[in-house]
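Participant: Dropping a structure here in structure tokens format, bear with me for questions.
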Amino acid sequence: MSTQNPVILVAHDFSPAASCALAWAVEEAGLRKAEVHLVHVVEYRLSDLFGDAPPLDEVRIAAVEAAAERRLAELHVPGLVHRHVAIGRPAHRIVELADRLGPTLLVVGTRGLSGLQGMVIGSVADHVVRHASCAVVCVKAPS
């Protein structure tokens, strides 16, 4: 039997919904005696890849990652074990990290968009729920 603590992975995009998800996950981690891992994905935009913005070179990538690390460090999270920063499509990168870490639980915030808004904007939470190989909890921020 493994003595390793359970892991709760929390996706955070610095939105109010993500802050609610983080608060919920910290409370849950205390109940489960779980380690908390926090992930932020810096999203590529089409303009970054094909438009007016210069392509992301190693220097820009390092600067973007460092800025994200600083913002994550400002979040004081009890039980936090590790911060992860990735660059790419958030939903895909979150699922990839979850596959690598094997968390007991993955927690994401959601704005609860549906209909045309949800289709146009897309839903990271929806993709994560559909593709993650572990349990996923979606926490909706109060209106």
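Following the order of the structure tokens, chains are lettered A, B, ..., residues in each are numbered from 1, and ligands are numbered from 1.
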Tell me which protein, DNA and RNA residues are within 10 Å of region 65-69 of chain A, counting only C-alpha atoms, leaving out same-chain ones fewer than 2 positions away, and put them as a PyMOL selection string.
Facilitator: chain A and resi 13-14+39-42+59-63+71-74+83-87
Participant: Mind checking which residues fall within 7 Å of Glu43 (chain A), counting only C-alpha atoms, ignoring those fewer than 4 positions away in the same chain, and posting them as a PDB file with N, CA and C atoms, in the first residue's frame?
Facilitator:
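Final output, part.pdb:
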ATOM      1  N   ILE A  87       2.786  26.524 -21.405  1.00  0.00           N
ATOM      2  CA  ILE A  87       2.359  27.407 -22.487  1.00  0.00           C
ATOM      3  C   ILE A  87       1.676  26.545 -23.536  1.00  0.00           C
ATOM      4  N   GLY A  88       0.515  27.014 -23.994  1.00  0.00           N
ATOM      5  CA  GLY A  88      -0.217  26.273 -25.015  1.00  0.00           C
ATOM      6  C   GLY A  88      -1.700  26.451 -24.851  1.00  0.00           C
ATOM      7  N   ARG A  89      -2.439  25.461 -25.288  1.00  0.00           N
ATOM      8  CA  ARG A  89      -3.894  25.492 -25.154  1.00  0.00           C
ATOM      9  C   ARG A  89      -4.229  25.000 -23.752  1.00  0.00           C
ATOM     10  N   PRO A  90      -4.861  25.833 -22.928  1.00  0.00           N
ATOM     11  CA  PRO A  90      -5.054  25.490 -21.520  1.00  0.00           C
ATOM     12  C   PRO A  90      -5.675  24.126 -21.265  1.00  0.00           C
TER      13      PRO A  90
END
Participant: Pick out each residue of region 6-140 of chain A that DSSP on the backbone tags as helix (DSSP H, G or I); I need them as an MDAnalysis selection string.
Facilitator: chainID A and resid 16:32 46:50 58:73 90:101 115:121 124:131
Participant: Between CA of Leu105 (chain A) and CA of Pro142 (chain A), what distance in Å does the model show, to one decimal?
Facilitator: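 Answer for the CA of Leu105 (chain A) to CA of Pro142 (chain A) separation: 21.9 Å.
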Participant: DSSP on the backbone: which residues in chain A end up as strand (DSSP E or B)? Give the answer as a ChimeraX atom specification.
Facilitator: /A:7-11,35-43,80-88,105-110,135-140
Participant: To one decimal place in Å, what is the distance between CA of Ile8 (chain A) and CA of Val36 (chain A)?
Facilitator: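 Value for the CA of Ile8 (chain A)-CA of Val36 (chain A) distance: 5.0 Å.
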Participant: Report, in Å with one decimal, the straight-line distance from CA of Leu80 (chain A) to CA of Ala21 (chain A).
Facilitator: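 A separation of 14.2 Å between them.
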Participant: For the interface of region 2-47 of chain A with region 107-112 of chain A (cut-off 6 Å, counting only C-alpha atoms), please tabulate each contacting residue of region 2-47 of chain A alongside its nearest pair of atoms and their separation in Å to one decimal, rows sorted by chain and increasing number, as JSON lines.
Facilitator:
{"residue": "A:Val10", "atom": "CA", "partner": "A:Val107", "partner_atom": "CA", "distance": 4.7}
{"residue": "A:Ala11", "atom": "CA", "partner": "A:Val108", "partner_atom": "CA", "distance": 5.3}
{"residue": "A:Ala17", "atom": "CA", "partner": "A:Gly109", "partner_atom": "CA", "distance": 4.6}
{"residue": "A:Ala18", "atom": "CA", "partner": "A:Gly109", "partner_atom": "CA", "distance": 4.5}
{"residue": "A:Ala21", "atom": "CA", "partner": "A:Gly109", "partner_atom": "CA", "distance": 5.0}
Participant: Suppose we keep C-alpha atoms; can you now write the selection as an mmCIF file, in the first residue's frame?
Facilitator:
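This is the output file part_35.cif:
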data_model
loop_
_atom_site.group_PDB
_atom_site.id
_atom_site.type_symbol
_atom_site.label_atom_id
_atom_site.label_comp_id
_atom_site.auth_asym_id
_atom_site.auth_seq_id
_atom_site.Cartn_x
_atom_site.Cartn_y
_atom_site.Cartn_z
ATOM 1 C CA VAL A 10 -5.937 22.978 -9.367
ATOM 2 C CA ALA A 11 -6.048 24.900 -12.637
ATOM 3 C CA ALA A 17 -13.948 31.402 -10.790
ATOM 4 C CA ALA A 18 -10.406 30.034 -10.453
ATOM 5 C CA ALA A 21 -11.982 26.693 -7.234
#
Participant: Considering only C-alpha atoms, can you say which of A:Leu22, A:Ala91, A:Leu101, A:Val129 comes closest to Gly79 (chain A)?
Facilitator: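 Ranked by minimum distance to Gly79 (chain A), first place goes to A:Leu22.
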